[in-house]
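Shown here: data_19.txt, compact mmCIF, C-alpha atoms.
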# COMPACT_ATOMS: atom_id res chain seq x y z
CA MET A 1 21.67 2.37 5.46
CA THR A 2 23.01 5.27 7.47
CA GLY A 3 24.56 4.74 10.88
CA GLU A 4 21.36 5.94 12.56
CA LEU A 5 19.20 3.47 10.63
CA ARG A 6 21.62 0.62 11.37
CA ALA A 7 21.39 1.43 15.07
CA LYS A 8 17.60 1.29 14.88
CA ARG A 9 17.79 -1.97 12.92
CA ASP A 10 19.90 -3.49 15.69
CA ARG A 11 17.19 -2.58 18.23
CA GLY A 12 14.34 -4.07 16.20
CA LEU A 13 12.49 -4.08 12.89
CA ALA A 14 8.82 -3.33 12.18
CA LEU A 15 7.42 -4.02 8.69
CA PHE A 16 3.99 -2.65 7.80
CA ASP A 17 1.82 -3.27 4.77
CA PHE A 18 -0.37 -0.26 3.92
CA ASP A 19 -3.67 -0.97 2.11
CA GLY A 20 -6.02 -2.90 4.37
CA THR A 21 -3.45 -2.91 7.18
CA LEU A 22 -2.91 0.70 8.17
CA ILE A 23 -5.89 2.04 6.22
CA PRO A 24 -9.12 0.15 5.42
CA TRP A 25 -9.19 0.89 1.70
CA ASP A 26 -7.23 -0.01 -1.40
CA THR A 27 -5.58 3.38 -1.82
CA GLN A 28 -5.06 2.83 -5.53
CA VAL A 29 -8.78 3.30 -6.12
CA LEU A 30 -8.86 6.19 -3.66
CA PHE A 31 -6.13 8.01 -5.54
CA ALA A 32 -7.86 7.34 -8.87
CA ASP A 33 -11.05 8.84 -7.46
CA PHE A 34 -9.08 11.82 -6.12
CA VAL A 35 -7.55 12.54 -9.54
CA VAL A 36 -10.65 11.89 -11.64
CA ARG A 37 -12.74 14.23 -9.50
CA ARG A 38 -10.29 17.01 -10.29
CA GLU A 39 -10.09 16.26 -14.02
CA PRO A 40 -13.36 14.51 -14.94
CA TRP A 41 -12.29 13.85 -18.54
CA ARG A 42 -9.99 11.17 -17.12
CA ARG A 43 -13.04 8.96 -16.57
CA LEU A 44 -12.41 7.95 -20.18
CA TYR A 45 -9.83 5.50 -18.82
CA LEU A 46 -12.60 3.35 -17.34
CA PRO A 47 -13.94 1.70 -20.55
CA GLY A 48 -10.39 0.75 -21.50
CA PHE A 49 -9.73 -0.73 -18.06
CA MET A 50 -12.99 -2.69 -18.15
CA ALA A 51 -12.13 -4.02 -21.61
CA PHE A 52 -8.96 -5.59 -20.23
CA LEU A 53 -10.64 -7.30 -17.26
CA PRO A 54 -11.36 -10.56 -19.16
CA ALA A 55 -7.61 -10.85 -19.78
CA ALA A 56 -6.69 -10.23 -16.13
CA LYS A 57 -5.34 -13.76 -15.57
CA ILE A 58 -3.12 -13.47 -18.64
CA LEU A 59 -1.84 -9.99 -17.82
CA GLY A 60 -1.40 -10.71 -14.12
CA ASP A 61 -1.34 -8.19 -11.30
CA GLU A 62 1.51 -6.21 -12.81
CA GLY A 63 -0.13 -5.94 -16.24
CA MET A 64 -3.51 -4.93 -14.82
CA LYS A 65 -1.86 -2.36 -12.58
CA ARG A 66 -0.28 -0.77 -15.68
CA VAL A 67 -3.67 -0.70 -17.41
CA PHE A 68 -5.36 0.78 -14.33
CA LEU A 69 -2.79 3.59 -14.10
CA SER A 70 -3.85 4.79 -17.55
CA TYR A 71 -6.06 7.34 -15.76
CA LEU A 72 -2.82 9.28 -15.14
CA TRP A 73 -1.87 9.45 -18.83
CA ARG A 74 0.13 12.60 -19.70
CA THR A 75 0.02 13.93 -16.14
CA PRO A 76 3.09 16.19 -15.67
CA ARG A 77 5.48 15.08 -12.92
CA GLU A 78 4.98 18.37 -11.04
CA GLN A 79 1.18 18.03 -11.12
CA LEU A 80 1.42 14.44 -9.90
CA GLY A 81 3.52 15.62 -6.96
CA GLU A 82 0.93 18.24 -6.03
CA TRP A 83 -1.89 15.71 -6.19
CA VAL A 84 0.09 13.27 -4.02
CA ALA A 85 0.65 15.88 -1.30
CA GLN A 86 -3.04 16.86 -1.32
CA PHE A 87 -4.24 13.26 -1.37
CA VAL A 88 -2.09 12.13 1.54
CA ALA A 89 -3.06 15.20 3.57
CA GLU A 90 -6.74 14.39 3.00
CA TRP A 91 -6.65 10.62 3.59
CA VAL A 92 -3.71 10.03 5.95
CA PRO A 93 -3.47 9.65 8.92
CA ASP A 94 -6.99 10.58 10.05
CA ARG A 95 -8.57 7.62 8.24
CA CYS A 96 -5.99 5.03 9.29
CA TYR A 97 -6.79 2.37 11.88
CA GLY A 98 -6.05 3.87 15.28
CA GLU A 99 -5.06 0.49 16.75
CA VAL A 100 -2.43 -0.08 14.09
CA LEU A 101 -1.08 3.47 14.37
CA GLU A 102 -0.65 2.76 18.09
CA ARG A 103 1.51 -0.26 17.23
CA LEU A 104 3.59 1.93 14.91
CA GLU A 105 4.07 4.49 17.66
CA ARG A 106 5.23 1.79 20.09
CA HIS A 107 7.90 0.67 17.64
CA ARG A 108 9.05 4.25 17.15
CA GLU A 109 9.24 4.81 20.91
CA ALA A 110 11.30 1.62 21.24
CA GLY A 111 13.73 2.97 18.63
CA HIS A 112 13.02 0.23 16.08
CA LEU A 113 13.57 0.61 12.34
CA THR A 114 10.09 1.14 10.86
CA VAL A 115 9.46 0.25 7.21
CA LEU A 116 6.31 0.79 5.15
CA ALA A 117 6.25 -1.96 2.49
CA SER A 118 3.31 -1.55 0.11
CA ALA A 119 2.28 -2.77 -3.34
CA SER A 120 0.70 0.63 -4.08
CA PRO A 121 2.59 3.12 -6.30
CA GLU A 122 5.74 4.37 -4.67
CA PHE A 123 5.12 7.93 -5.87
CA TYR A 124 2.59 8.34 -3.06
CA VAL A 125 3.73 5.60 -0.68
CA ARG A 126 6.88 7.64 0.03
CA GLU A 127 4.75 10.62 1.03
CA VAL A 128 2.59 8.39 3.23
CA GLY A 129 5.73 7.12 4.90
CA ARG A 130 6.97 10.65 5.50
CA VAL A 131 3.67 11.80 7.00
CA LEU A 132 3.34 8.76 9.26
CA GLY A 133 6.97 8.97 10.39
CA PHE A 134 8.38 5.76 8.88
CA ASP A 135 12.13 5.42 8.51
CA LEU A 136 11.78 3.82 5.07
CA ALA A 137 8.85 3.61 2.64
CA LEU A 138 8.77 1.19 -0.30
CA GLY A 139 6.08 0.78 -2.93
CA THR A 140 5.72 -0.25 -6.55
CA PRO A 141 8.18 1.86 -8.58
CA VAL A 142 6.34 3.49 -11.50
CA GLU A 143 8.08 5.11 -14.49
CA VAL A 144 6.90 8.71 -14.66
CA GLY A 145 9.39 10.81 -16.62
CA GLU A 146 8.28 14.34 -17.44
CA ARG A 147 4.75 12.97 -17.94
CA VAL A 148 3.07 9.68 -17.08
CA GLY A 149 2.86 7.32 -20.04
CA LEU A 150 -0.29 5.54 -21.22
CA LEU A 151 0.80 2.17 -19.80
CA PRO A 152 3.60 3.20 -17.44
CA GLY A 153 6.35 0.72 -16.75
CA LEU A 154 6.49 -0.65 -13.21
CA SER A 155 7.83 -3.47 -11.07
CA ASN A 156 5.07 -4.84 -8.87
CA HIS A 157 6.19 -4.67 -5.22
CA LYS A 158 4.19 -7.65 -4.03
CA GLY A 159 4.72 -11.07 -2.48
CA ALA A 160 8.29 -12.35 -2.74
CA GLU A 161 9.38 -9.06 -4.35
CA LYS A 162 8.96 -7.35 -0.97
CA VAL A 163 11.35 -9.83 0.62
CA ARG A 164 13.87 -9.41 -2.21
CA ARG A 165 13.88 -5.63 -2.00
CA LEU A 166 13.92 -5.55 1.80
CA SER A 167 16.86 -7.96 1.76
CA GLU A 168 18.78 -5.56 -0.45
CA LEU A 169 18.21 -2.72 2.01
CA ILE A 170 18.49 -4.36 5.43
CA GLY A 171 20.19 -7.65 4.63
CA PRO A 172 18.66 -11.09 4.04
CA PRO A 173 16.81 -12.89 6.85
CA GLU A 174 19.22 -15.11 8.75
CA ASP A 175 18.03 -18.64 9.50
CA GLY A 176 14.73 -17.77 7.83
CA ALA A 177 13.85 -14.61 9.78
CA TRP A 178 15.09 -11.09 10.39
CA THR A 179 16.27 -10.79 13.99
CA GLY A 180 13.94 -8.81 16.25
CA SER A 181 11.38 -8.34 13.48
CA HIS A 182 7.59 -7.96 13.58
CA GLY A 183 5.34 -7.83 10.51
CA TYR A 184 1.87 -6.38 9.99
CA THR A 185 -0.52 -7.27 7.16
CA ASP A 186 -4.10 -7.98 6.16
CA SER A 187 -3.25 -10.07 3.10
CA THR A 188 -2.03 -13.57 2.28
CA ALA A 189 -0.01 -11.93 -0.51
CA ASP A 190 2.36 -10.78 2.26
CA LEU A 191 3.00 -14.25 3.66
CA PRO A 192 6.51 -14.39 2.14
CA MET A 193 7.38 -11.26 4.13
CA MET A 194 5.50 -12.32 7.27
CA ARG A 195 7.19 -15.73 7.35
CA CYS A 196 10.53 -13.91 7.49
CA CYS A 197 9.50 -12.14 10.71
CA GLU A 198 9.91 -13.42 14.26
CA GLY A 199 6.48 -12.06 15.22
CA GLY A 200 3.38 -10.93 13.41
CA THR A 201 0.06 -9.12 13.58
CA VAL A 202 -2.76 -9.59 11.08
CA VAL A 203 -5.55 -7.07 10.56
CA ASN A 204 -9.10 -8.20 9.72
CA PRO A 205 -7.70 -11.39 8.19
CA SER A 206 -9.34 -13.74 5.72
CA GLU A 207 -10.02 -17.30 6.91
CA ARG A 208 -6.79 -18.53 5.31
CA LEU A 209 -4.69 -15.76 6.87
CA GLU A 210 -6.32 -16.30 10.26
CA ARG A 211 -5.44 -20.01 10.13
CA GLU A 212 -1.84 -19.05 9.36
CA ALA A 213 -1.87 -16.58 12.25
CA GLU A 214 -3.20 -19.19 14.67
CA SER A 215 -0.59 -21.73 13.61
CA ARG A 216 2.23 -19.21 14.14
CA GLY A 217 0.92 -17.45 17.23
CA TRP A 218 0.43 -14.09 15.53
CA GLU A 219 -1.75 -11.38 17.03
CA VAL A 220 -5.13 -10.73 15.36
CA LEU A 221 -6.63 -7.22 15.26
CA ARG A 222 -10.20 -6.52 14.13
CA PRO A 223 -10.64 -2.73 13.95
CA PRO A 224 -14.04 -1.53 12.66
CA VAL A 225 -14.31 -0.94 8.91
CA PRO A 226 -16.13 1.97 7.22
CA TRP A 227 -18.53 -0.17 5.16
CA LYS A 228 -21.57 -2.30 5.91
CA GLY A 229 -20.95 -5.72 4.44
CA ARG A 230 -19.31 -6.89 1.22
CA ALA A 231 -21.96 -5.47 -1.08
CA ASP A 232 -21.58 -1.97 0.37
CA LYS A 233 -17.79 -2.23 0.08
CA ALA A 234 -18.03 -3.34 -3.57
CA VAL A 235 -20.36 -0.47 -4.46
CA ARG A 236 -18.07 2.06 -2.81
CA ILE A 237 -15.02 0.71 -4.63
CA LEU A 238 -16.83 0.92 -7.98
CA ARG A 239 -17.74 4.52 -7.21
CA PHE A 240 -14.12 5.31 -6.37
CA ILE A 241 -12.91 3.73 -9.62
CA ALA A 242 -15.40 5.77 -11.62
CA GLY A 243 -14.75 8.97 -9.68
CA ILE A 244 -18.41 9.27 -8.68

Turn this file's structure into structure tokens for me.
Amino acid sequence: MTGELRAKRDRGLALFDFDGTLIPWDTQVLFADFVVRREPWRRLYLPGFMAFLPAAKILGDEGMKRVFLSYLWRTPREQLGEWVAQFVAEWVPDRCYGEVLERLERHREAGHLTVLASASPEFYVREVGRVLGFDLALGTPVEVGERVGLLPGLSNHKGAEKVRRLSELIGPPEDGAWTGSHGYTDSTADLPMMRCCEGGTVVNPSERLEREAESRGWEVLRPPVPWKGRADKAVRILRFIAGI
């Protein structure tokens, strides 16, 4: 870290998940929809993705993420960069949760080190971090090269991997927690990171996450979501995946 970032780290640390925490949606399906609408022939990825669903438990999150990213096959690096800039401009920050953005702004005003730690592809998470004013932005690194491969290599930035990578950048949590830290998430997948924070805020938590929050004294936020029930959410996600 630079001297400026170290000074911020000494004042405090704010760790934010992205999907479901700062923004209601899974941005991976939003970005797929964004790309497929511009190049409709890329809908051909969908039958292949569906064919792999029965093997999801075997392939795991990382394997299925590689299969899902097949919609970007042969996309030139320059084109991907243009799509990322357009996508983030369209979806961020106007569609983020206002309440959570307010928390981010408070941390910035206090001079804390702000880190966006997401499992979504880093090629757009970095742009999200830049637009929202984060000091650091981490996502799932995806191998792009001159063009995106059919099943691009990646290292899933999820669960304990977030703690490992954060520890490399800001140092490991001492006595089980980073000093002066506060974490934000909507997912139990982030519990390894959240348990390394001195304070926490959960956003529209599941029952399990809410129980964890209650046991640890974490704040609970329930901002309104843009769908009407689970069925409506599922239909919208399917439409995003298909680019409809």

I'd like to know which of A:Glu78, A:Glu198, A:Glu105, A:Glu168 is closest to A:Ser181, using only C-alpha atoms. A:Glu198

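Shortest separation to A:Pro76 among A:Glu161, A:Asp175, A:Asp232, A:Glu146 occurs at residue A:Glu146, atoms counted being all atoms listed in the file.
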
Please list as a PyMOL selection string every residue within 12 Å of A:Ala56, counting all atoms listed in the file and excluding residues in the same chain fewer than 5 positions away. chain A and resi 49-51+61-68

Written selection (C-alpha atoms) as a tab-separated table (two decimals), keeping the file's coordinate frame:
chain	number	residue	atom	x	y	z
A	49	PHE	CA	-9.73	-0.73	-18.06
A	50	MET	CA	-12.99	-2.69	-18.15
A	51	ALA	CA	-12.13	-4.02	-21.61
A	61	ASP	CA	-1.34	-8.19	-11.30
A	62	GLU	CA	1.51	-6.21	-12.81
A	63	GLY	CA	-0.13	-5.94	-16.24
A	64	MET	CA	-3.51	-4.93	-14.82
A	65	LYS	CA	-1.86	-2.36	-12.58
A	66	ARG	CA	-0.28	-0.77	-15.68
A	67	VAL	CA	-3.67	-0.70	-17.41
A	68	PHE	CA	-5.36	0.78	-14.33

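Comparing A:Pro93, A:Pro54, A:Pro141, A:Gly183 by their smallest distance to A:Val115, the closest is A:Gly183 (using only C-alpha atoms).
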
Which residues are near A:Glu127? Cut-off 12 Å, all atoms listed in the file, ignore same chain within fewer than 6 positions. Put them as a ChimeraX atom specification. /A:81-89,91-93,116,120-121,133-139

What's around A:Ser215 at 12 Å? Count only C-alpha atoms, leave out sequence neighbours fewer than 6 positions away in its own chain, and write the answer as a list in words.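 In the requested form, the answer reads Arg195, Gly200, Arg208 and Leu209 of chain A.
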
Could you pull the residues within 9 Å of A:Val35, counting only C-alpha atoms, minus those fewer than 2 positions along the same chain, as a list in words? Leu30, Phe31, Ala32, Asp33, Arg37, Arg38, Glu39, Pro40, Arg42, Tyr71, Leu72, Trp83, Phe87 and Gly243 of chain A

Residues near stretch 108-114 of chain A, anyone? I mean within 8 Å using only C-alpha atoms, not counting same-chain ones fewer than 3 positions away, as a VMD selection string. chain A and resid 5 8 to 16 104 to 105 134 to 136

Serialized selection, C-alpha atoms, as a compact mmCIF listing (two decimals), in the coordinates of the input:
# COMPACT_ATOMS: atom_id res chain seq x y z
CA LEU A 5 19.20 3.47 10.63
CA LYS A 8 17.60 1.29 14.88
CA ARG A 9 17.79 -1.97 12.92
CA ASP A 10 19.90 -3.49 15.69
CA ARG A 11 17.19 -2.58 18.23
CA GLY A 12 14.34 -4.07 16.20
CA LEU A 13 12.49 -4.08 12.89
CA ALA A 14 8.82 -3.33 12.18
CA LEU A 15 7.42 -4.02 8.69
CA PHE A 16 3.99 -2.65 7.80
CA LEU A 104 3.59 1.93 14.91
CA GLU A 105 4.07 4.49 17.66
CA PHE A 134 8.38 5.76 8.88
CA ASP A 135 12.13 5.42 8.51
CA LEU A 136 11.78 3.82 5.07

Taking (6.5, 6.4, -6.8) in the file's own coordinates, collect the residues within 12 Å, counting only C-alpha atoms, and hand them back as a PyMOL selection string. chain A and resi 77+80-81+84+118-129+137-145+148+152-157

Report, in Å with one decimal, the straight-line distance from atom CA of A:Arg6 to atom CA of A:Pro173.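 Result for atom CA of A:Arg6 versus atom CA of A:Pro173: 15.0 Å, one decimal.
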
Could you tell me which of A:Pro47, A:Gly3, A:Gly98, A:Gly199 comes closest to A:Arg222 if we count only C-alpha atoms? A:Gly98

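Taking atom CA of A:Val29 and atom CA of A:His182 as the two end points, the separation is 28.0 Å.
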